[in-house]
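Source file: model.json; contents: JSON, C-alpha atoms.
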[["chain", "number", "residue", "atom", "x", "y", "z"],
["A", 1, "MET", "CA", 0.00, 0.00, 0.00],
["A", 2, "ASN", "CA", 1.47, 3.36, -1.00],
["A", 3, "LEU", "CA", 1.23, 6.58, 1.01],
["A", 4, "PHE", "CA", -1.77, 7.92, -0.89],
["A", 5, "ASP", "CA", -3.68, 4.65, -0.42],
["A", 6, "LYS", "CA", -3.34, 5.17, 3.34],
["A", 7, "TYR", "CA", -4.74, 8.68, 3.14],
["A", 8, "TYR", "CA", -7.48, 7.87, 0.64],
["A", 9, "GLN", "CA", -8.87, 4.89, 2.53],
["A", 10, "ASP", "CA", -9.78, 7.13, 5.47],
["A", 11, "THR", "CA", -10.93, 10.24, 3.58],
["A", 12, "PRO", "CA", -13.02, 10.00, 0.39],
["A", 13, "ASP", "CA", -11.95, 13.45, -0.89],
["A", 14, "TYR", "CA", -8.54, 13.92, 0.66],
["A", 15, "PHE", "CA", -7.50, 16.84, -1.57],
["A", 16, "GLY", "CA", -11.04, 18.11, -2.07],
["A", 17, "SER", "CA", -14.05, 17.10, -4.13],
["A", 18, "TYR", "CA", -13.36, 19.33, -7.13],
["A", 19, "PRO", "CA", -10.43, 21.35, -8.54],
["A", 20, "PRO", "CA", -9.37, 24.64, -6.92],
["A", 21, "ILE", "CA", -11.03, 27.85, -8.02],
["A", 22, "HIS", "CA", -8.06, 29.04, -10.11],
["A", 23, "PHE", "CA", -8.42, 25.97, -12.34],
["A", 24, "LYS", "CA", -12.15, 26.41, -12.80],
["A", 25, "GLU", "CA", -11.77, 30.09, -13.70],
["A", 26, "ALA", "CA", -9.03, 29.37, -16.24],
["A", 27, "TYR", "CA", -11.07, 26.50, -17.66],
["A", 28, "LYS", "CA", -13.80, 28.97, -18.65],
["A", 29, "ARG", "CA", -11.27, 30.98, -20.68],
["A", 30, "TYR", "CA", -9.23, 28.24, -22.29],
["A", 31, "VAL", "CA", -11.53, 25.24, -22.79],
["A", 32, "PRO", "CA", -14.61, 26.27, -24.84],
["A", 33, "PHE", "CA", -15.22, 22.71, -26.00],
["A", 34, "ALA", "CA", -15.56, 19.10, -24.88],
["A", 35, "GLY", "CA", -14.23, 15.82, -26.24],
["A", 36, "LYS", "CA", -11.72, 13.35, -24.84],
["A", 37, "ALA", "CA", -9.73, 14.20, -21.71],
["A", 38, "LEU", "CA", -6.85, 12.50, -19.92],
["A", 39, "ASP", "CA", -6.22, 13.02, -16.20],
["A", 40, "LEU", "CA", -2.72, 11.81, -15.30],
["A", 41, "GLY", "CA", -2.07, 11.14, -11.62],
["A", 42, "CYS", "CA", -5.78, 11.61, -10.99],
["A", 43, "GLY", "CA", -5.79, 10.46, -7.35],
["A", 44, "GLN", "CA", -9.39, 10.24, -6.20],
["A", 45, "GLY", "CA", -10.54, 12.10, -9.29],
["A", 46, "ARG", "CA", -11.34, 15.68, -8.38],
["A", 47, "PHE", "CA", -10.31, 16.95, -11.83],
["A", 48, "SER", "CA", -11.89, 13.96, -13.58],
["A", 49, "LYS", "CA", -15.27, 14.53, -11.92],
["A", 50, "PHE", "CA", -15.25, 18.19, -12.92],
["A", 51, "LEU", "CA", -14.39, 17.40, -16.54],
["A", 52, "ALA", "CA", -17.02, 14.67, -16.76],
["A", 53, "ASP", "CA", -19.59, 17.19, -15.53],
["A", 54, "LYS", "CA", -18.52, 19.45, -18.41],
["A", 55, "GLY", "CA", -19.21, 16.76, -20.98],
["A", 56, "PHE", "CA", -15.77, 15.22, -21.45],
["A", 57, "GLU", "CA", -15.12, 11.52, -21.89],
["A", 58, "VAL", "CA", -12.39, 11.16, -19.28],
["A", 59, "THR", "CA", -9.61, 8.60, -18.95],
["A", 60, "SER", "CA", -8.11, 8.77, -15.46],
["A", 61, "VAL", "CA", -4.81, 7.12, -14.52],
["A", 62, "ASP", "CA", -3.20, 6.71, -11.10],
["A", 63, "LEU", "CA", -0.94, 4.34, -9.18],
["A", 64, "SER", "CA", -3.18, 4.38, -6.11],
["A", 65, "ALA", "CA", -5.41, 1.32, -6.23],
["A", 66, "ILE", "CA", -7.74, 2.77, -3.61],
["A", 67, "GLY", "CA", -8.05, 6.12, -5.38],
["A", 68, "ILE", "CA", -8.90, 4.37, -8.64],
["A", 69, "GLN", "CA", -11.42, 2.07, -6.93],
["A", 70, "GLN", "CA", -13.14, 5.07, -5.37],
["A", 71, "LEU", "CA", -13.26, 6.96, -8.67],
["A", 72, "ASP", "CA", -14.54, 3.93, -10.55],
["A", 73, "SER", "CA", -17.27, 3.42, -7.95],
["A", 74, "PHE", "CA", -18.27, 7.08, -8.25],
["A", 75, "ALA", "CA", -18.38, 6.91, -12.06],
["A", 76, "ARG", "CA", -20.56, 3.81, -12.05],
["A", 77, "THR", "CA", -22.96, 5.16, -9.42],
["A", 78, "ALA", "CA", -23.21, 8.66, -10.93],
["A", 79, "LYS", "CA", -23.15, 7.26, -14.51],
["A", 80, "LYS", "CA", -20.31, 9.55, -15.53],
["A", 81, "ALA", "CA", -18.11, 9.04, -18.60],
["A", 82, "ILE", "CA", -14.96, 8.24, -16.62],
["A", 83, "VAL", "CA", -12.70, 5.26, -17.25],
["A", 84, "ALA", "CA", -10.51, 4.83, -14.17],
["A", 85, "ILE", "CA", -7.26, 2.94, -14.80],
["A", 86, "HIS", "CA", -4.87, 1.64, -12.15],
["A", 87, "ASP", "CA", -1.46, 2.07, -13.75],
["A", 88, "ASN", "CA", 1.84, 3.89, -13.58],
["A", 89, "VAL", "CA", 1.54, 7.01, -15.74],
["A", 90, "LEU", "CA", 4.91, 6.12, -17.30],
["A", 91, "ASN", "CA", 3.47, 2.85, -18.61],
["A", 92, "PHE", "CA", 0.14, 4.19, -19.83],
["A", 93, "PRO", "CA", 0.12, 4.54, -23.64],
["A", 94, "ILE", "CA", -0.70, 8.14, -24.56],
["A", 95, "LEU", "CA", -1.75, 7.99, -28.19],
["A", 96, "ALA", "CA", -0.63, 10.84, -30.42],
["A", 97, "GLY", "CA", -3.26, 13.49, -31.11],
["A", 98, "ARG", "CA", -5.98, 11.74, -29.11],
["A", 99, "TYR", "CA", -7.03, 14.23, -26.41],
["A", 100, "GLU", "CA", -8.65, 17.64, -26.51],
["A", 101, "LEU", "CA", -7.57, 18.21, -22.89],
["A", 102, "ILE", "CA", -4.85, 16.70, -20.69],
["A", 103, "VAL", "CA", -4.49, 17.45, -16.98],
["A", 104, "ALA", "CA", -1.23, 16.64, -15.19],
["A", 105, "ALA", "CA", -1.60, 18.22, -11.75],
["A", 106, "THR", "CA", 1.33, 17.45, -9.42],
["A", 107, "ILE", "CA", 2.53, 14.36, -11.25],
["A", 108, "LEU", "CA", 5.65, 15.45, -13.15],
["A", 109, "ASP", "CA", 7.23, 16.44, -9.83],
["A", 110, "HIS", "CA", 6.61, 12.92, -8.48],
["A", 111, "LEU", "CA", 8.95, 11.48, -11.12],
["A", 112, "SER", "CA", 12.66, 11.62, -11.79],
["A", 113, "VAL", "CA", 13.73, 14.50, -14.03],
["A", 114, "ARG", "CA", 14.40, 12.09, -16.89],
["A", 115, "ASP", "CA", 11.01, 10.37, -16.62],
["A", 116, "ALA", "CA", 9.20, 13.66, -16.12],
["A", 117, "ARG", "CA", 10.77, 15.14, -19.23],
["A", 118, "THR", "CA", 9.76, 12.06, -21.22],
["A", 119, "LEU", "CA", 6.19, 12.24, -19.95],
["A", 120, "ALA", "CA", 6.02, 15.96, -20.73],
["A", 121, "GLY", "CA", 6.81, 15.14, -24.36],
["A", 122, "LYS", "CA", 4.10, 12.49, -24.41],
["A", 123, "ILE", "CA", 1.59, 14.94, -22.96],
["A", 124, "TYR", "CA", 2.20, 17.48, -25.69],
["A", 125, "GLY", "CA", 2.19, 14.77, -28.36],
["A", 126, "GLY", "CA", -1.08, 13.37, -27.01],
["A", 127, "LEU", "CA", -2.96, 16.61, -27.60],
["A", 128, "ALA", "CA", -5.23, 16.93, -30.62],
["A", 129, "PRO", "CA", -4.64, 19.99, -32.83],
["A", 130, "TYR", "CA", -5.45, 23.06, -30.73],
["A", 131, "GLY", "CA", -5.94, 20.81, -27.71],
["A", 132, "VAL", "CA", -5.08, 22.22, -24.28],
["A", 133, "ALA", "CA", -3.03, 20.90, -21.36],
["A", 134, "TYR", "CA", -2.92, 22.02, -17.75],
["A", 135, "ILE", "CA", 0.27, 21.15, -15.85],
["A", 136, "GLU", "CA", 0.98, 21.95, -12.21],
["A", 137, "CYS", "CA", 4.24, 21.24, -10.34],
["A", 138, "HIS", "CA", 5.89, 22.08, -7.02],
["A", 139, "THR", "CA", 8.76, 24.54, -7.35],
["A", 140, "GLU", "CA", 11.95, 25.20, -5.41],
["A", 141, "GLY", "CA", 10.11, 27.91, -3.46],
["A", 142, "ASP", "CA", 7.83, 25.29, -1.90],
["A", 143, "ALA", "CA", 8.10, 24.86, 1.86],
["A", 144, "GLY", "CA", 8.94, 21.20, 1.37],
["A", 145, "CYS", "CA", 11.96, 22.10, -0.73],
["A", 146, "ARG", "CA", 13.08, 24.91, 1.56],
["A", 147, "ALA", "CA", 12.78, 22.69, 4.63],
["A", 148, "GLY", "CA", 14.95, 20.13, 2.86],
["A", 149, "ARG", "CA", 17.63, 22.81, 2.59],
["A", 150, "GLY", "CA", 17.46, 23.42, 6.33],
["A", 151, "GLU", "CA", 15.41, 26.63, 6.18],
["A", 152, "LYS", "CA", 12.83, 27.42, 8.84],
["A", 153, "CYS", "CA", 9.30, 27.49, 7.45],
["A", 154, "LEU", "CA", 5.71, 26.73, 8.30],
["A", 155, "ALA", "CA", 4.47, 23.15, 8.52],
["A", 156, "VAL", "CA", 5.43, 21.07, 5.50],
["A", 157, "SER", "CA", 2.89, 18.99, 3.58],
["A", 158, "GLU", "CA", 2.58, 15.41, 4.80],
["A", 159, "CYS", "CA", 3.01, 14.36, 1.16],
["A", 160, "ARG", "CA", 6.40, 16.02, 0.76],
["A", 161, "SER", "CA", 8.24, 12.67, 0.69],
["A", 162, "GLN", "CA", 6.52, 11.82, -2.60],
["A", 163, "ILE", "CA", 8.07, 14.73, -4.50],
["A", 164, "ARG", "CA", 11.22, 13.73, -6.36],
["A", 165, "HIS", "CA", 11.87, 16.93, -8.27],
["A", 166, "PHE", "CA", 11.12, 20.54, -7.37],
["A", 167, "PHE", "CA", 11.03, 22.66, -10.53],
["A", 168, "CYS", "CA", 13.36, 25.65, -10.79],
["A", 169, "LYS", "CA", 12.20, 29.03, -12.07],
["A", 170, "GLY", "CA", 10.82, 28.82, -15.61],
["A", 171, "GLN", "CA", 11.70, 25.13, -16.02],
["A", 172, "LEU", "CA", 8.16, 23.89, -16.66],
["A", 173, "LEU", "CA", 7.59, 26.65, -19.20],
["A", 174, "ARG", "CA", 10.74, 25.67, -21.09],
["A", 175, "TRP", "CA", 9.67, 22.03, -21.22],
["A", 176, "PHE", "CA", 6.53, 23.01, -23.15],
["A", 177, "GLU", "CA", 8.04, 25.72, -25.33],
["A", 178, "LYS", "CA", 6.67, 24.03, -28.47],
["A", 179, "GLY", "CA", 3.14, 24.95, -27.45],
["A", 180, "ARG", "CA", 1.30, 28.24, -27.32],
["A", 181, "THR", "CA", 1.42, 29.45, -23.73],
["A", 182, "LEU", "CA", -2.06, 30.51, -22.64],
["A", 183, "SER", "CA", -0.99, 31.37, -19.09],
["A", 184, "TYR", "CA", 1.90, 30.67, -16.74],
["A", 185, "GLU", "CA", 2.53, 31.56, -13.11],
["A", 186, "GLU", "CA", 4.72, 30.61, -10.19],
["A", 187, "ALA", "CA", 2.80, 31.44, -7.04],
["A", 188, "GLU", "CA", 2.80, 30.65, -3.33],
["A", 189, "PHE", "CA", -0.35, 29.91, -1.38],
["A", 190, "MET", "CA", -1.44, 28.55, 1.99],
["A", 191, "ASP", "CA", -3.04, 25.10, 1.91],
["A", 192, "ASP", "CA", -5.54, 24.14, 4.60],
["A", 193, "ALA", "CA", -7.30, 21.41, 2.58],
["A", 194, "HIS", "CA", -5.32, 18.53, 4.07],
["A", 195, "GLY", "CA", -3.01, 17.99, 7.04],
["A", 196, "PRO", "CA", -1.63, 20.90, 9.08],
["A", 197, "VAL", "CA", -1.81, 24.28, 7.36],
["A", 198, "HIS", "CA", 1.24, 24.55, 5.15],
["A", 199, "SER", "CA", 2.76, 26.62, 2.36],
["A", 200, "HIS", "CA", 3.14, 25.54, -1.27],
["A", 201, "GLU", "CA", 4.65, 27.17, -4.30],
["A", 202, "PHE", "CA", 3.45, 25.89, -7.66],
["A", 203, "ALA", "CA", 4.27, 26.45, -11.30],
["A", 204, "ARG", "CA", 0.99, 26.40, -13.24],
["A", 205, "LEU", "CA", 0.89, 26.20, -17.01],
["A", 206, "TRP", "CA", -1.92, 26.22, -19.55],
["A", 207, "THR", "CA", -0.55, 25.39, -23.00],
["A", 208, "GLN", "CA", -2.13, 24.74, -26.38],
["A", 209, "LYS", "CA", -1.05, 22.41, -29.20],
["A", 210, "VAL", "CA", -0.08, 24.37, -32.31]]

Go through the file and emit its structure as C-alpha cells.
Amino acid sequence: MNLFDKYYQDTPDYFGSYPPIHFKEAYKRYVPFAGKALDLGCGQGRFSKFLADKGFEVTSVDLSAIGIQQLDSFARTAKKAIVAIHDNVLNFPILAGRYELIVAATILDHLSVRDARTLAGKIYGGLAPYGVAYIECHTEGDAGCRAGRGEKCLAVSECRSQIRHFFCKGQLLRWFEKGRTLSYEEAEFMDDAHGPVHSHEFARLWTQKV
C-alpha cells in the first residue's frame, strides 16, 4: 500500500471534491469545447469529476489502487463518462493526437527528471490539434523544498516525501516551449485542505497544441 492509499482509505476526498477555483476560472477561458480528456495522476478524481460534468469523456490514470477504486465506484454510481485505470503514468500509452484536454496536476514532480521530461513530451504529443493541457508542479520555493535545505518554514505537507523533483524558475515553461502558452505563473499559497496548514509554491501552465 502506498502513502496515498493510506490517506485515501480514510478520507473520500482527501485533496477536495473538485479542482481549486483558479483551475475552474481558467477552464472557462481556455476550454470552450468538450471531447476526450486524460487526467494523469488523478488520485481520487477531483479533476476527472469536474471534466465529466462538463461533458468530457475522461480517462483517469493513477498508481493508487484505492483512489482508482473510489473513482470507478463514483463513475458507475453517478453514470459519468470516466474510465478509471490503475497504472503507472509512465506505462500508460498516450496515443498521439488523441485528447482535446490533458491534466497533469502534481505528477511530473513525483517522477525523476528524466522520466518527467519524457512524460512531458508524451503529454504534448497526445494533444489533438489546438488541444489544451494544464500542468501543475511544485517549485523550489515550496516549503517542502526549503525545509529540505534546512530553512525554517511553516508546517510542510505530509506528502512532501513523494516529490522527487522541485522545478526551478521557468523550467516547466521551457519544457513546453513548443506549445502556445495561454498562461503561466509561479505562485505561493497557503493550503488548509489537508493535514496541518502549510505553504506551497506551484508552477501552473496552460498550454495549447499548435

Exercise for the section: Measure the distance from atom CA of Thr77 of chain A to atom CA of Tyr8 of chain A in Å and round it to one decimal. Expected result: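 Between atom CA of Thr77 of chain A and atom CA of Tyr8 of chain A the gap works out to 18.7 Å.
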
Exercise for the section: Would you mind telling me which residue in A:Ala105, A:Ala203, A:Val31, A:Ala26 lies nearest to Arg46 of chain A when using all atoms listed in the file? Expected result: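 Nearest candidate to Arg46 of chain A out of A:Ala105, A:Ala203, A:Val31, A:Ala26: A:Ala105.
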
Exercise for the section: Determine the nearest neighbour of Cys168 of chain A from the options A:Ala155, A:Ala75, A:Val113, A:Ile85, counting all atoms listed in the file. Expected result: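 Using all atoms listed in the file, Cys168 of chain A sits closest to A:Val113.
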
Exercise for the section: Measure the distance from atom CA of Lys122 of chain A to atom CA of Ile102 of chain A in Å and round it to one decimal. Expected result: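 The value is 10.6 Å.
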
Exercise for the section: Pick out the closest residue to Ile68 of chain A from this set: A:Cys42, A:Leu51, A:Leu90, A:Leu172. Count only C-alpha atoms. Expected result: A:Cys42

Problem - Atomic distance atom CA of Phe56 of chain A - atom CA of Thr181 of chain A, expressed in Å with one decimal - result: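 About the pair atom CA of Phe56 of chain A and atom CA of Thr181 of chain A: they are 22.4 Å apart.
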
Exercise for the section: Give the answer as one residue: which of A:Thr207, A:Ser183, A:Ser60, A:Ser73 has the shortest atom-to-atom distance to Asp87 of chain A, using only C-alpha atoms? Expected result: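 Closest to Asp87 of chain A of all the choices is A:Ser60.
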
Exercise for the section: Find the spatial neighbours of Trp206 of chain A, counting all atoms listed in the file, within a cut-off of 10 Å - ignore same-chain residues fewer than 2 positions away - and output them as a VMD selection string. Expected result: chain A and resid 23 26 to 27 30 103 132 to 136 173 176 179 to 185 204 208

Problem - Distance query Leu119 of chain A at most 12 Å, all atoms listed in the file, self and fewer than 2 positions along chain excluded, as a PyMOL selection string - result: chain A and resi 40-41+88-94+102+104+107-117+121-126+135+175-176

Problem - Using all atoms listed in the file: which of A:Leu3, A:Ile21, A:Val58, A:Val83 has the shortest distance to Ala34 of chain A - result: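 Under the stated criterion, the closest residue is A:Val58.
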
Within 10 Å of Tyr14 of chain A using all atoms listed in the file, minus same-chain residues under 2 positions, as a PDB file with C-alpha atoms, in the frame of the given file:
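The resulting selection_17.pdb:
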ATOM      1  CA  PHE A   4      -1.770   7.920  -0.890  1.00  0.00           C
ATOM      2  CA  TYR A   7      -4.740   8.680   3.140  1.00  0.00           C
ATOM      3  CA  TYR A   8      -7.480   7.870   0.640  1.00  0.00           C
ATOM      4  CA  GLN A   9      -8.870   4.890   2.530  1.00  0.00           C
ATOM      5  CA  ASP A  10      -9.780   7.130   5.470  1.00  0.00           C
ATOM      6  CA  THR A  11     -10.930  10.240   3.580  1.00  0.00           C
ATOM      7  CA  PRO A  12     -13.020  10.000   0.390  1.00  0.00           C
ATOM      8  CA  GLY A  16     -11.040  18.110  -2.070  1.00  0.00           C
ATOM      9  CA  SER A  17     -14.050  17.100  -4.130  1.00  0.00           C
ATOM     10  CA  GLY A  43      -5.790  10.460  -7.350  1.00  0.00           C
ATOM     11  CA  GLN A  44      -9.390  10.240  -6.200  1.00  0.00           C
ATOM     12  CA  ARG A  46     -11.340  15.680  -8.380  1.00  0.00           C
ATOM     13  CA  GLY A  67      -8.050   6.120  -5.380  1.00  0.00           C
ATOM     14  CA  ALA A 193      -7.300  21.410   2.580  1.00  0.00           C
ATOM     15  CA  HIS A 194      -5.320  18.530   4.070  1.00  0.00           C
ATOM     16  CA  GLY A 195      -3.010  17.990   7.040  1.00  0.00           C
TER      17      GLY A 195
END

Fill in the blank from the handout: Counting all atoms listed in the file, the residue among A:Leu38, A:Ile66, A:Leu95, A:Leu205 that lies closest to Ile82 of chain A is A:Leu38

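Residues with any atom within 8 Å of the point (-9.1, 13.0, -25.8), counting all atoms listed in the file, are A:Gly35, A:Lys36, A:Ala37, A:Leu38, A:Glu57, A:Val58, A:Gly97, A:Arg98, A:Tyr99, A:Glu100, A:Leu101, A:Ile102, A:Leu127, A:Ala128.
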
Find the smallest box with edges along x, y and z containing every listed atom of segment 169-182 of chain A, then add 3 Å on each side and report centre and edge lengths in Å to one decimal, as JSON.
{"center_x": 5.1, "center_y": 26.3, "center_z": -20.3, "size_x": 20.3, "size_y": 14.5, "size_z": 22.4}

For segment 102-125 of chain A, supply N, CA and C atoms and format the output as a tab-separated table (two decimals), keeping the file's coordinate frame.
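Output below, filename selection_10.tsv:
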chain	number	residue	atom	x	y	z
A	102	ILE	N	-5.63	17.56	-21.59
A	102	ILE	CA	-4.85	16.70	-20.69
A	102	ILE	C	-4.54	17.48	-19.43
A	103	VAL	N	-4.80	16.87	-18.29
A	103	VAL	CA	-4.49	17.45	-16.98
A	103	VAL	C	-3.38	16.62	-16.34
A	104	ALA	N	-2.34	17.30	-15.90
A	104	ALA	CA	-1.23	16.64	-15.19
A	104	ALA	C	-0.90	17.50	-13.97
A	105	ALA	N	-1.74	17.40	-12.95
A	105	ALA	CA	-1.60	18.22	-11.75
A	105	ALA	C	-0.77	17.48	-10.71
A	106	THR	N	0.38	18.02	-10.38
A	106	THR	CA	1.33	17.45	-9.42
A	106	THR	C	1.61	15.97	-9.70
A	107	ILE	N	2.08	15.71	-10.91
A	107	ILE	CA	2.53	14.36	-11.25
A	107	ILE	C	3.94	14.39	-11.81
A	108	LEU	N	4.29	15.38	-12.63
A	108	LEU	CA	5.65	15.45	-13.15
A	108	LEU	C	6.68	15.58	-12.03
A	109	ASP	N	6.30	16.26	-10.95
A	109	ASP	CA	7.23	16.44	-9.83
A	109	ASP	C	7.34	15.19	-8.96
A	110	HIS	N	6.51	14.19	-9.20
A	110	HIS	CA	6.61	12.92	-8.48
A	110	HIS	C	7.51	11.92	-9.21
A	111	LEU	N	8.10	12.35	-10.30
A	111	LEU	CA	8.95	11.48	-11.12
A	111	LEU	C	10.38	12.00	-11.13
A	112	SER	N	11.30	11.15	-11.57
A	112	SER	CA	12.66	11.62	-11.79
A	112	SER	C	12.65	12.65	-12.91
A	113	VAL	N	13.68	13.48	-12.98
A	113	VAL	CA	13.73	14.50	-14.03
A	113	VAL	C	13.66	13.85	-15.41
A	114	ARG	N	14.38	12.77	-15.59
A	114	ARG	CA	14.40	12.09	-16.89
A	114	ARG	C	13.02	11.58	-17.26
A	115	ASP	N	12.34	10.90	-16.33
A	115	ASP	CA	11.01	10.37	-16.62
A	115	ASP	C	9.99	11.49	-16.81
A	116	ALA	N	10.13	12.54	-16.01
A	116	ALA	CA	9.20	13.66	-16.12
A	116	ALA	C	9.33	14.34	-17.48
A	117	ARG	N	10.55	14.50	-17.94
A	117	ARG	CA	10.77	15.14	-19.23
A	117	ARG	C	10.18	14.28	-20.36
A	118	THR	N	10.34	12.97	-20.23
A	118	THR	CA	9.76	12.06	-21.22
A	118	THR	C	8.24	12.15	-21.23
A	119	LEU	N	7.65	12.16	-20.03
A	119	LEU	CA	6.19	12.24	-19.95
A	119	LEU	C	5.68	13.59	-20.47
A	120	ALA	N	6.42	14.65	-20.22
A	120	ALA	CA	6.02	15.96	-20.73
A	120	ALA	C	5.91	15.93	-22.26
A	121	GLY	N	6.87	15.26	-22.90
A	121	GLY	CA	6.81	15.14	-24.36
A	121	GLY	C	5.61	14.35	-24.81
A	122	LYS	N	5.26	13.30	-24.07
A	122	LYS	CA	4.10	12.49	-24.41
A	122	LYS	C	2.80	13.27	-24.22
A	123	ILE	N	2.77	14.11	-23.20
A	123	ILE	CA	1.59	14.94	-22.96
A	123	ILE	C	1.34	15.87	-24.14
A	124	TYR	N	2.37	16.57	-24.57
A	124	TYR	CA	2.20	17.48	-25.69
A	124	TYR	C	1.84	16.71	-26.96
A	125	GLY	N	2.50	15.58	-27.17
A	125	GLY	CA	2.19	14.77	-28.36
A	125	GLY	C	0.80	14.18	-28.33
